[in-house]
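S.K.: Just so it is clear, I am handing over my_file-v4.txt, which has compact mmCIF, C-alpha atoms.
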```txt
# COMPACT_ATOMS: atom_id res chain seq x y z
CA MET S 1 20.36 11.77 19.57
CA ASN S 2 23.75 10.14 19.92
CA SER S 3 22.27 6.64 19.87
CA VAL S 4 20.41 7.51 16.63
CA ILE S 5 23.70 8.36 14.92
CA HIS S 6 25.30 5.18 16.25
CA THR S 7 22.51 2.93 14.96
CA PHE S 8 21.43 4.68 11.76
CA PRO S 9 24.20 3.32 9.42
CA TYR S 10 23.25 -0.25 10.38
CA LEU S 11 19.59 0.49 9.73
CA VAL S 12 20.48 1.70 6.22
CA ALA S 13 21.84 -1.79 5.50
CA GLY S 14 18.59 -3.37 6.73
CA TRP S 15 16.56 -0.92 4.61
CA VAL S 16 18.52 -1.78 1.44
CA PHE S 17 18.08 -5.49 2.24
CA LEU S 18 14.29 -5.08 2.52
CA CYS S 19 14.20 -3.02 -0.72
CA GLY S 20 15.95 -5.83 -2.58
CA LEU S 21 13.66 -8.45 -1.05
CA TYR S 22 10.57 -6.39 -1.96
CA GLY S 23 11.85 -6.18 -5.53
CA ILE S 24 12.26 -9.96 -5.74
CA VAL S 25 8.83 -10.68 -4.22
CA THR S 26 6.90 -8.28 -6.44
CA SER S 27 8.96 -8.83 -9.59
CA ARG S 28 7.11 -9.31 -12.88
CA HIS S 29 10.25 -9.48 -14.99
CA LEU S 30 13.23 -11.80 -14.60
CA VAL S 31 15.86 -9.12 -15.35
CA HIS S 32 14.23 -6.90 -12.72
CA MET S 33 14.50 -9.84 -10.33
CA VAL S 34 18.23 -10.26 -11.01
CA VAL S 35 18.85 -6.54 -10.39
CA SER S 36 16.87 -6.79 -7.13
CA MET S 37 19.08 -9.68 -6.12
CA ALA S 38 22.16 -7.50 -6.74
CA VAL S 39 20.62 -4.71 -4.60
CA LEU S 40 19.94 -7.23 -1.83
CA GLN S 41 23.54 -8.33 -1.91
CA THR S 42 24.73 -4.71 -1.67
CA SER S 43 23.18 -4.49 1.80
CA THR S 44 25.78 -6.95 3.10
CA TYR S 45 28.57 -4.63 1.86
CA ILE S 46 27.03 -1.67 3.71
CA LEU S 47 26.57 -3.67 6.93
CA LEU S 48 30.06 -5.17 7.00
CA LEU S 49 31.89 -1.96 6.06
CA ASN S 50 29.92 -0.13 8.78
CA ILE S 51 30.93 -2.72 11.36
CA GLY S 52 34.61 -2.33 10.47
CA PHE S 53 34.52 1.48 10.38
CA ARG S 54 36.42 3.44 13.00
CA GLN S 55 36.12 7.20 13.48
CA SER S 56 39.21 9.04 12.18
CA GLY S 57 40.70 5.67 11.20
CA ALA S 58 43.00 5.62 8.18
CA ALA S 59 42.76 3.21 5.24
CA PRO S 60 44.63 -0.06 6.03
CA VAL S 61 47.59 0.72 3.78
CA PHE S 62 50.93 1.32 5.50
CA ALA S 63 52.84 2.44 2.41
CA ASP S 64 52.98 6.01 3.74
CA LEU S 65 51.75 5.62 7.34
CA PRO S 66 53.65 4.95 10.56
CA PRO S 67 52.93 1.38 11.78
CA SER S 68 51.07 2.52 14.90
CA THR S 69 48.35 4.46 13.02
CA ARG S 70 44.73 3.72 13.98
CA ILE S 71 43.12 2.12 10.94
CA VAL S 72 39.70 0.74 10.00
CA ASP S 73 39.18 -3.04 10.03
CA PRO S 74 40.95 -4.53 6.97
CA ILE S 75 39.28 -7.96 7.29
CA VAL S 76 35.80 -6.87 6.21
CA GLN S 77 37.34 -4.86 3.38
CA ALA S 78 39.15 -7.99 2.15
CA LEU S 79 35.83 -9.86 2.20
CA MET S 80 34.09 -7.14 0.17
CA LEU S 81 36.92 -6.92 -2.37
CA THR S 82 36.60 -10.51 -3.57
CA ASP S 83 32.83 -10.53 -3.27
CA ILE S 84 32.23 -7.56 -5.58
CA VAL S 85 34.04 -9.16 -8.51
CA VAL S 86 32.56 -12.61 -7.87
CA GLU S 87 29.07 -11.10 -7.62
CA ALA S 88 29.46 -9.49 -11.05
CA THR S 89 30.20 -12.85 -12.69
CA VAL S 90 27.42 -14.61 -10.76
CA VAL S 91 24.96 -11.95 -11.98
CA ALA S 92 26.23 -12.64 -15.51
CA LEU S 93 25.54 -16.36 -15.00
CA VAL S 94 22.00 -15.71 -13.71
CA LEU S 95 21.36 -13.40 -16.68
CA ALA S 96 22.48 -16.20 -18.99
CA PHE S 97 19.81 -18.39 -17.36
CA VAL S 98 17.31 -15.58 -18.04
CA VAL S 99 18.27 -15.51 -21.73
CA LYS S 100 17.76 -19.28 -21.95
CA ALA S 101 14.42 -19.08 -20.08
CA HIS S 102 13.23 -16.49 -22.58
CA GLU S 103 14.28 -18.66 -25.51
CA ASN S 104 12.53 -21.75 -24.15
CA ALA S 105 9.39 -20.25 -22.62
CA GLY S 106 8.98 -17.10 -24.72
CA THR S 107 8.26 -15.04 -21.61
CA LEU S 108 10.18 -13.20 -18.92
CA SER S 109 7.43 -13.02 -16.31
CA PRO S 110 8.08 -15.35 -13.37
CA ASP S 111 4.32 -15.97 -13.07
CA ASP S 112 4.04 -17.35 -16.60
CA LEU S 113 7.19 -19.43 -16.27
CA ARG S 114 5.32 -21.80 -13.98
CA MET S 115 3.56 -23.18 -17.06
CA MET S 116 6.92 -24.40 -18.32
CA ARG S 117 7.33 -28.13 -18.80
CA GLY S 118 10.44 -29.91 -17.67
CA MET Z 1 -0.41 -17.59 -5.21
CA SER Z 2 -1.70 -14.22 -6.29
CA GLN Z 3 0.34 -11.03 -6.14
CA LYS Z 4 -1.83 -9.72 -3.29
CA VAL Z 5 -1.34 -12.76 -1.03
CA ARG Z 6 2.38 -12.76 -1.76
CA LEU Z 7 2.70 -9.09 -0.83
CA ARG Z 8 0.76 -9.64 2.41
CA ILE Z 9 3.12 -12.45 3.42
CA PHE Z 10 6.07 -10.23 2.52
CA TRP Z 11 4.88 -7.36 4.72
CA ILE Z 12 4.37 -9.70 7.71
CA CYS Z 13 7.87 -11.17 7.29
CA ALA Z 14 9.41 -7.72 6.66
CA ALA Z 15 7.84 -6.35 9.85
CA GLY Z 16 9.22 -9.28 11.83
CA PHE Z 17 12.64 -8.88 10.27
CA ALA Z 18 12.63 -5.12 10.90
CA CYS Z 19 11.84 -5.61 14.62
CA ILE Z 20 14.58 -8.18 15.16
CA TYR Z 21 17.08 -6.28 13.02
CA PHE Z 22 16.42 -3.04 14.92
CA LEU Z 23 17.11 -4.76 18.25
CA VAL Z 24 20.31 -6.27 16.85
CA ALA Z 25 21.50 -2.97 15.36
CA LYS Z 26 20.83 -1.17 18.67
CA ASN Z 27 23.07 -3.61 20.52
CA LEU Z 28 25.94 -3.58 18.02
CA PRO Z 29 29.04 -1.59 19.03
CA PRO Z 30 28.31 2.10 18.33
CA TRP Z 31 29.06 3.08 14.74
CA GLY Z 32 32.65 4.29 14.28
CA HIS Z 33 33.91 2.53 17.42
CA TYR Z 34 35.30 -0.70 16.03
CA ARG Z 35 36.17 -3.09 18.86
CA GLY Z 36 37.14 -6.45 17.38
CA PRO Z 37 40.74 -7.43 18.06
CA TYR Z 38 41.37 -9.25 14.77
CA GLY Z 39 41.62 -6.25 12.47
CA ASP Z 40 44.14 -4.53 14.75
CA VAL Z 41 46.19 -7.68 15.30
CA ILE Z 42 46.43 -8.47 11.61
CA SER Z 43 47.27 -4.90 10.60
CA SER Z 44 50.06 -4.70 13.16
CA LEU Z 45 51.45 -8.05 12.01
CA SER Z 46 51.20 -7.98 8.22
CA VAL Z 47 53.96 -5.43 7.61
CA TYR Z 48 56.42 -7.33 9.83
CA GLU Z 49 55.38 -10.90 9.00
CA ARG Z 50 54.68 -10.58 5.28
CA HIS Z 51 56.43 -7.31 4.24
CA ALA Z 52 53.16 -6.24 2.58
CA THR Z 53 52.06 -2.66 3.19
CA ASP Z 54 48.51 -3.18 1.86
CA VAL Z 55 46.90 -5.17 4.66
CA VAL Z 56 43.76 -5.93 2.63
CA ASN Z 57 45.76 -7.80 0.00
CA ALA Z 58 47.90 -9.52 2.63
CA ILE Z 59 44.67 -10.92 4.09
CA ASP Z 60 43.17 -11.84 0.73
CA TYR Z 61 46.15 -13.60 -0.81
CA ASP Z 62 47.89 -14.93 2.30
CA TYR Z 63 46.10 -15.05 5.66
CA ARG Z 64 42.83 -16.23 4.15
CA GLY Z 65 44.31 -17.31 0.81
CA PHE Z 66 42.44 -20.60 0.87
CA ASP Z 67 39.05 -18.80 0.87
CA THR Z 68 40.13 -16.55 -1.97
CA LEU Z 69 41.17 -19.64 -3.94
CA ALA Z 70 37.63 -20.99 -3.58
CA GLU Z 71 36.15 -17.60 -4.54
CA GLU Z 72 38.33 -17.52 -7.62
CA PHE Z 73 36.95 -20.90 -8.61
CA ILE Z 74 33.40 -19.56 -8.17
CA LEU Z 75 34.38 -16.88 -10.69
CA PHE Z 76 35.88 -19.51 -13.00
CA THR Z 77 32.83 -21.79 -12.88
CA SER Z 78 30.32 -18.98 -13.44
CA VAL Z 79 32.21 -17.84 -16.53
CA LEU Z 80 32.28 -21.46 -17.69
CA GLY Z 81 28.52 -21.66 -17.10
CA VAL Z 82 27.81 -18.48 -19.09
CA MET Z 83 29.90 -19.72 -22.02
CA MET Z 84 28.22 -23.13 -22.04
CA LEU Z 85 24.72 -21.62 -21.85
CA LEU Z 86 25.15 -18.84 -24.42
CA ARG Z 87 27.18 -20.47 -27.17
CA PRO Z 88 25.15 -22.78 -29.38
CA PRO Z 89 27.37 -23.71 -32.35
CA GLU Z 90 24.82 -23.14 -35.15
CA ARG Z 91 24.41 -19.49 -34.29
CA LYS Z 92 28.08 -18.55 -34.47
CA ALA Z 93 28.29 -17.64 -38.17
CA THR Z 94 25.56 -14.96 -38.42
CA PRO Z 95 27.24 -11.57 -38.13
CA SER Z 96 24.96 -8.66 -38.96
CA ALA Z 97 25.83 -5.55 -40.94
CA THR Z 98 26.14 -3.51 -37.73
CA ALA Z 99 29.10 -5.67 -36.75
CA GLU Z 100 31.11 -4.03 -39.55
CA GLU Z 101 30.41 -0.31 -39.07
CA SER Z 102 33.14 1.64 -37.31
CA MET Z 103 33.04 5.05 -35.68
CA SER Z 104 34.51 8.30 -37.01
CA PRO Z 105 38.32 8.75 -37.10
CA ALA Z 106 38.08 11.27 -34.24
CA VAL Z 107 36.62 8.64 -31.92
CA GLN Z 108 39.22 6.12 -33.03
CA LEU Z 109 42.03 8.61 -32.38
CA ALA Z 110 40.69 9.37 -28.89
CA ALA Z 111 40.24 5.68 -28.09
CA LEU Z 112 43.84 4.74 -28.89
CA PRO Z 113 45.59 6.58 -26.00
CA CYS Z 114 42.76 5.59 -23.65
CA PHE Z 115 43.34 1.95 -24.59
CA ALA Z 116 47.06 2.19 -23.82
CA ILE Z 117 46.46 4.04 -20.54
CA LEU Z 118 43.85 1.50 -19.38
CA ILE Z 119 46.14 -1.46 -20.09
CA LEU Z 120 49.07 0.22 -18.34
CA PHE Z 121 46.95 1.25 -15.35
CA GLY Z 122 45.51 -2.26 -15.07
CA LEU Z 123 48.98 -3.83 -15.14
CA TYR Z 124 50.17 -1.32 -12.52
CA MET Z 125 47.18 -2.18 -10.32
CA SER Z 126 47.67 -5.95 -10.55
CA THR Z 127 51.41 -5.83 -9.87
CA HIS Z 128 51.40 -3.27 -7.03
CA GLY Z 129 48.64 -4.84 -4.93
CA GLN Z 130 51.02 -5.69 -2.11
CA LEU Z 131 52.10 -2.04 -1.71
CA THR Z 132 49.16 0.27 -2.41
CA PRO Z 133 45.39 -0.12 -2.78
CA GLY Z 134 44.65 -2.32 -5.75
CA GLY Z 135 45.53 -5.90 -6.55
CA GLY Z 136 44.56 -8.63 -8.95
CA PHE Z 137 40.79 -8.28 -8.77
CA GLN Z 138 40.70 -4.54 -9.47
CA GLY Z 139 43.54 -4.60 -12.02
CA GLY Z 140 41.92 -7.46 -13.91
CA VAL Z 141 38.64 -5.59 -14.32
CA ILE Z 142 40.51 -2.48 -15.56
CA ILE Z 143 42.46 -4.50 -18.15
CA ALA Z 144 39.27 -6.22 -19.34
CA SER Z 145 37.57 -2.86 -19.92
CA ALA Z 146 40.25 -1.80 -22.43
CA PRO Z 147 39.09 -4.06 -25.32
CA MET Z 148 35.57 -2.66 -24.85
CA LEU Z 149 37.02 0.61 -26.18
CA VAL Z 150 38.03 -1.27 -29.32
CA TYR Z 151 34.43 -2.37 -29.71
CA VAL Z 152 33.15 1.16 -29.19
CA ALA Z 153 35.62 2.82 -31.57
CA GLU Z 154 36.08 0.10 -34.18
CA HIS Z 155 33.61 -2.71 -34.77
CA PHE Z 156 32.64 -6.07 -33.41
CA ARG Z 157 35.03 -7.96 -35.66
CA ALA Z 158 38.06 -6.14 -34.20
CA PHE Z 159 36.78 -6.88 -30.71
CA LYS Z 160 36.26 -10.50 -31.67
CA ARG Z 161 39.81 -10.80 -32.94
CA ILE Z 162 41.09 -9.91 -29.45
CA THR Z 163 38.65 -11.76 -27.26
CA SER Z 164 37.68 -14.93 -29.13
CA HIS Z 165 41.29 -15.98 -29.43
CA PRO Z 166 41.92 -19.47 -27.98
CA LEU Z 167 44.77 -17.85 -26.06
CA VAL Z 168 42.25 -15.97 -23.87
CA GLU Z 169 40.60 -19.22 -22.77
CA GLY Z 170 44.01 -20.76 -22.14
CA LEU Z 171 45.11 -17.75 -20.11
CA GLU Z 172 41.95 -17.88 -18.04
CA ALA Z 173 42.61 -21.50 -17.13
CA ALA Z 174 46.28 -20.63 -16.48
CA GLY Z 175 45.28 -17.81 -14.13
CA ALA Z 176 42.94 -20.06 -12.15
CA ALA Z 177 45.44 -22.92 -12.06
CA GLY Z 178 48.40 -20.63 -11.29
CA TYR Z 179 46.93 -19.73 -7.91
CA ALA Z 180 46.59 -23.41 -6.94
CA VAL Z 181 50.06 -24.22 -8.34
CA ILE Z 182 51.65 -21.46 -6.24
CA GLY Z 183 49.91 -23.01 -3.25
CA VAL Z 184 51.23 -26.46 -4.14
CA THR Z 185 54.84 -25.24 -4.53
CA ALA Z 186 54.83 -24.76 -0.75
CA PHE Z 187 54.92 -28.56 -0.46
CA ALA Z 188 58.28 -28.58 -2.23
CA ALA Z 189 59.62 -26.33 0.52
CA GLY Z 190 58.21 -28.71 3.12
CA VAL Z 191 55.52 -26.32 4.50
CA PRO Z 192 51.67 -26.51 4.38
CA PHE Z 193 49.52 -25.53 1.35
CA LEU Z 194 49.59 -21.80 0.41
CA THR Z 195 52.30 -20.94 2.91
CA ASN Z 196 54.25 -17.82 2.01
CA TRP Z 197 57.62 -19.56 1.70
CA VAL Z 198 59.27 -17.36 -0.97
CA PRO Z 199 61.90 -14.86 0.35
CA LEU Z 200 59.93 -11.79 1.40
CA GLY Z 201 62.23 -9.07 0.04
CA VAL Z 202 62.42 -5.46 1.18
CA THR Z 203 59.19 -3.88 2.41
CA GLY Z 204 57.99 -1.23 -0.05
CA LYS Z 205 59.66 -2.67 -3.14
CA VAL Z 206 57.63 -4.19 -6.00
CA PHE Z 207 59.30 -7.58 -5.69
CA SER Z 208 58.46 -8.08 -2.04
CA SER Z 209 55.96 -9.96 0.13
CA GLY Z 210 56.67 -13.34 -1.51
CA THR Z 211 53.69 -15.25 -2.85
CA ILE Z 212 51.26 -12.35 -2.26
CA ALA Z 213 52.60 -10.51 -5.32
CA ALA Z 214 52.63 -13.68 -7.45
CA ILE Z 215 49.09 -14.68 -6.49
CA SER Z 216 47.88 -11.12 -7.09
CA ALA Z 217 49.27 -11.24 -10.64
CA CYS Z 218 47.63 -14.66 -11.25
CA VAL Z 219 44.27 -13.37 -10.03
CA GLY Z 220 44.68 -10.31 -12.27
CA LEU Z 221 45.17 -12.59 -15.29
CA GLU Z 222 42.19 -14.74 -14.32
CA VAL Z 223 39.81 -11.82 -13.70
CA ALA Z 224 40.87 -9.93 -16.85
CA THR Z 225 40.34 -12.93 -19.14
CA ALA Z 226 37.13 -13.94 -17.33
CA PHE Z 227 35.57 -10.52 -17.95
CA LEU Z 228 36.81 -10.52 -21.55
CA LEU Z 229 35.14 -13.87 -22.18
CA LEU Z 230 31.93 -12.70 -20.48
CA SER Z 231 31.70 -9.50 -22.52
CA TYR Z 232 32.50 -11.36 -25.73
CA THR Z 233 29.89 -14.06 -25.09
CA TYR Z 234 27.16 -11.49 -24.38
CA LEU Z 235 28.09 -9.28 -27.36
CA ALA Z 236 28.11 -12.31 -29.68
CA GLU Z 237 24.63 -13.19 -28.40
CA ILE Z 238 23.31 -9.65 -28.97
CA ILE Z 239 24.81 -9.37 -32.45
CA ALA Z 240 23.57 -12.80 -33.49
CA ASP Z 241 20.07 -11.74 -32.36
CA ALA Z 242 20.30 -8.47 -34.31
CA GLY Z 243 21.33 -10.44 -37.39
CA LYS Z 244 18.35 -12.78 -36.97
CA THR Z 245 15.72 -10.03 -36.88
CA LYS Z 246 17.01 -8.35 -40.04
```
What's the structure tokens form of this structure?

M.R.:
Amino acid sequence: MNSVIHTFPYLVAGWVFLCGLYGIVTSRHLVHMVVSMAVLQTSTYILLLNIGFRQSGAAPVFADLPPSTRIVDPIVQALMLTDIVVEATVVALVLAFVVKAHENAGTLSPDDLRMMRG
Amino acid sequence: MSQKVRLRIFWICAAGFACIYFLVAKNLPPWGHYRGPYGDVISSLSVYERHATDVVNAIDYDYRGFDTLAEEFILFTSVLGVMMLLRPPERKATPSATAEESMSPAVQLAALPCFAILILFGLYMSTHGQLTPGGGFQGGVIIASAPMLVYVAEHFRAFKRITSHPLVEGLEAAGAAGYAVIGVTAFAAGVPFLTNWVPLGVTGKVFSSGTIAAISACVGLEVATAFLLLSYTYLAEIIADAGKTK
């Protein structure tokens, strides 16, 4: 039972990753595909934050904590912090590509886009 | 490739991935028992070495400041890409009637204090990143959400007056360049790129932790203007489309 609890949070990350991948593979709409990509990326947040988590660890802010407090890993949190904002703008860029694809090809289905000429 | 074949290949790959991933997850350190030395080392050092009480920001803007510089340029280039893709010049001058309608006075009255609070809170976030949770990235997004209230309560033209100003584009470039310039000023002090050479000040005060506070403010400026430009570009696209169908 104990080993289930210790592994389960990591498995959640793998499950979200597979959900995003399934969405991309079966997508019939480009916007749906972009959202699936965002879901897939979320799995990395879950995995990394789980790796850095420590039971009864405080947030890594020493403004009101004594310096010897046990805290969770601040490095993975720093990685997530920049990535969330950058991901939002990258999704905006991909959506701009989608808008242009719709204007040029008149369709949003990835299957029909293969007919597109260069 | 048909949908059926594609799905079959996906299930085979997913099963393989699931097996390997399960073995990996089983052999990771048990959840909640973080072992790695780096997080503990850096959190015990950052208050003494950098006088920054928020370790996350000390890492982002100092210890791995070079990576964050690159990530900020990813942000800058993607905003540049969106603006180049979505702004054909001939479509600019087609505002529809919906761009002029504004909401009731009650909504406008409620939006005004919210606007002020959002701007203040965003500024607080971007300037206190070295002390408490927050920092340039979060503060910038909060500031950028304030003009959206203007769009909701007033009309597109009021929103356009704020966000399509050439100053916004200039400030975005200044925010992105400011980070690199702060890094370069370290050369003048005779130390490597992005070294925290400014006097560190008293731990716990706003003007402390040297370049961390300055870089955090620069990133706040960059993120706020980047999101403003993004929201403006998309809204202009939507409103131009609405004008076309009428």

S.K.: Kindly provide, as a VMD selection string, the polymer residues lying within 12 Å of (25.2, -16.5, -21.3), counting all atoms listed in the file and using the coordinates exactly as they appear in the file.

M.R.: (chain S and resid 89 to 101 103) or (chain Z and resid 78 to 88 229 to 238)

S.K.: Measure the distance from atom CA of Z:Val223 to atom CA of Z:Leu131 in Å and round it to one decimal.

M.R.: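 We find that atom CA of Z:Val223 and atom CA of Z:Leu131 lie 19.8 Å from each other.
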
S.K.: Just need the residues of chain Z within 6 Å of chain S, counting all atoms listed in the file, so spit them out as a PDB file with C-alpha atoms, in the coordinates of the input.

M.R.:
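So iface-v3.pdb came out as:
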```pdb
ATOM      1  CA  ALA Z  25      21.500  -2.970  15.360  1.00  0.00           C
ATOM      2  CA  LYS Z  26      20.830  -1.170  18.670  1.00  0.00           C
ATOM      3  CA  PRO Z  30      28.310   2.100  18.330  1.00  0.00           C
ATOM      4  CA  TRP Z  31      29.060   3.080  14.740  1.00  0.00           C
ATOM      5  CA  GLY Z  32      32.650   4.290  14.280  1.00  0.00           C
ATOM      6  CA  HIS Z  33      33.910   2.530  17.420  1.00  0.00           C
ATOM      7  CA  TYR Z  34      35.300  -0.700  16.030  1.00  0.00           C
ATOM      8  CA  GLY Z  39      41.620  -6.250  12.470  1.00  0.00           C
ATOM      9  CA  THR Z  53      52.060  -2.660   3.190  1.00  0.00           C
ATOM     10  CA  ASP Z  54      48.510  -3.180   1.860  1.00  0.00           C
ATOM     11  CA  VAL Z  55      46.900  -5.170   4.660  1.00  0.00           C
ATOM     12  CA  VAL Z  56      43.760  -5.930   2.630  1.00  0.00           C
ATOM     13  CA  ASP Z  60      43.170 -11.840   0.730  1.00  0.00           C
ATOM     14  CA  LEU Z  75      34.380 -16.880 -10.690  1.00  0.00           C
ATOM     15  CA  SER Z  78      30.320 -18.980 -13.440  1.00  0.00           C
ATOM     16  CA  VAL Z  82      27.810 -18.480 -19.090  1.00  0.00           C
TER      17      VAL Z  82
END
```

S.K.: Mind pulling up the distance from atom CA of Z:Gln138 to atom CA of Z:Ala217?

M.R.: 10.9 Å

S.K.: I'd like the interatomic distance between atom CA of S:Val31 and atom CA of Z:Val152, to a tenth of an Å.

M.R.: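 Interatomic distance, atom CA of S:Val31 to atom CA of Z:Val152: 24.4 Å.
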
S.K.: Tell me, as a PyMOL selection string, which residues lie within 8 Å of Z:Ala58, counting only C-alpha atoms; anything in the same chain fewer than 6 positions away does not count.

M.R.: chain Z and resi 46+50+52+130+212

S.K.: Using only C-alpha atoms, give me every residue within 12 Å of (47.0, -1.4, -23.8) in file coordinates, as a VMD selection string.

M.R.: chain Z and resid 111 to 124 142 to 150 162

S.K.: Within 9 Å of Z:Pro199, counting all atoms listed in the file, which residues qualify if same-chain residues fewer than 3 places away don't, as number ranges by chain?

M.R.: Z: 196, 208-211

S.K.: Just want the 10 Å neighbourhood of stretch 189-194 of chain Z, counted on all atoms listed in the file, with same-chain residues fewer than 6 positions away dropped. Output as a list of chain:residue names.

M.R.: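 The residues that qualify are Z:Tyr61, Z:Asp62, Z:Tyr63, Z:Arg64, Z:Gly65, Z:Phe66, Z:Leu69, Z:Tyr179, Z:Ala180, Z:Val181, Z:Ile182, Z:Gly183, Z:Thr211, Z:Ile212, Z:Ile215.
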
S.K.: Return the single residue from Z:Thr225, Z:Thr185, Z:Thr68, Z:Asn57 that is closest to Z:Met125, with distances computed using only C-alpha atoms.

M.R.: Z:Asn57

S.K.: Complete the atoms of stretch 93-114 of chain S to N, CA and C atoms and put them out as a short mmCIF file (atom, residue, chain, number, x, y, z; two decimals), in the coordinates of the input.

M.R.:
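Result file is part-v1.cif:
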```
data_model
loop_
_atom_site.label_atom_id
_atom_site.label_comp_id
_atom_site.auth_asym_id
_atom_site.auth_seq_id
_atom_site.Cartn_x
_atom_site.Cartn_y
_atom_site.Cartn_z
N LEU S 93 26.02 -14.98 -14.86
CA LEU S 93 25.54 -16.36 -15.00
C LEU S 93 24.02 -16.42 -14.89
N VAL S 94 23.46 -15.69 -13.90
CA VAL S 94 22.00 -15.71 -13.71
C VAL S 94 21.32 -15.09 -14.93
N LEU S 95 21.94 -14.02 -15.48
CA LEU S 95 21.36 -13.40 -16.68
C LEU S 95 21.40 -14.35 -17.87
N ALA S 96 22.44 -15.20 -17.92
CA ALA S 96 22.48 -16.20 -18.99
C ALA S 96 21.32 -17.19 -18.84
N PHE S 97 20.99 -17.54 -17.60
CA PHE S 97 19.81 -18.39 -17.36
C PHE S 97 18.55 -17.68 -17.85
N VAL S 98 18.48 -16.35 -17.62
CA VAL S 98 17.31 -15.58 -18.04
C VAL S 98 17.17 -15.64 -19.55
N VAL S 99 18.31 -15.46 -20.26
CA VAL S 99 18.27 -15.51 -21.73
C VAL S 99 17.73 -16.86 -22.19
N LYS S 100 18.20 -17.93 -21.56
CA LYS S 100 17.76 -19.28 -21.95
C LYS S 100 16.28 -19.48 -21.61
N ALA S 101 15.83 -18.94 -20.47
CA ALA S 101 14.42 -19.08 -20.08
C ALA S 101 13.54 -18.38 -21.10
N HIS S 102 14.01 -17.21 -21.57
CA HIS S 102 13.23 -16.49 -22.58
C HIS S 102 13.16 -17.25 -23.89
N GLU S 103 14.27 -17.89 -24.26
CA GLU S 103 14.28 -18.66 -25.51
C GLU S 103 13.34 -19.85 -25.42
N ASN S 104 13.31 -20.52 -24.26
CA ASN S 104 12.53 -21.75 -24.15
C ASN S 104 11.07 -21.49 -23.86
N ALA S 105 10.77 -20.47 -23.03
CA ALA S 105 9.39 -20.25 -22.62
C ALA S 105 8.74 -19.09 -23.35
N GLY S 106 9.54 -18.23 -23.99
CA GLY S 106 8.98 -17.10 -24.72
C GLY S 106 8.44 -16.01 -23.81
N THR S 107 8.74 -16.06 -22.53
CA THR S 107 8.26 -15.04 -21.61
C THR S 107 9.33 -14.75 -20.57
N LEU S 108 9.23 -13.54 -19.97
CA LEU S 108 10.18 -13.20 -18.92
C LEU S 108 9.48 -12.96 -17.60
N SER S 109 8.17 -13.23 -17.57
CA SER S 109 7.43 -13.02 -16.31
C SER S 109 7.52 -14.28 -15.46
N PRO S 110 7.96 -14.15 -14.20
CA PRO S 110 8.08 -15.35 -13.37
C PRO S 110 6.76 -16.07 -13.18
N ASP S 111 5.62 -15.33 -13.24
CA ASP S 111 4.32 -15.97 -13.07
C ASP S 111 4.00 -16.91 -14.22
N ASP S 112 4.35 -16.51 -15.44
CA ASP S 112 4.04 -17.35 -16.60
C ASP S 112 5.01 -18.51 -16.72
N LEU S 113 6.19 -18.37 -16.12
CA LEU S 113 7.19 -19.43 -16.27
C LEU S 113 6.76 -20.71 -15.57
N ARG S 114 5.75 -20.60 -14.68
CA ARG S 114 5.32 -21.80 -13.98
C ARG S 114 4.68 -22.80 -14.93
#
```
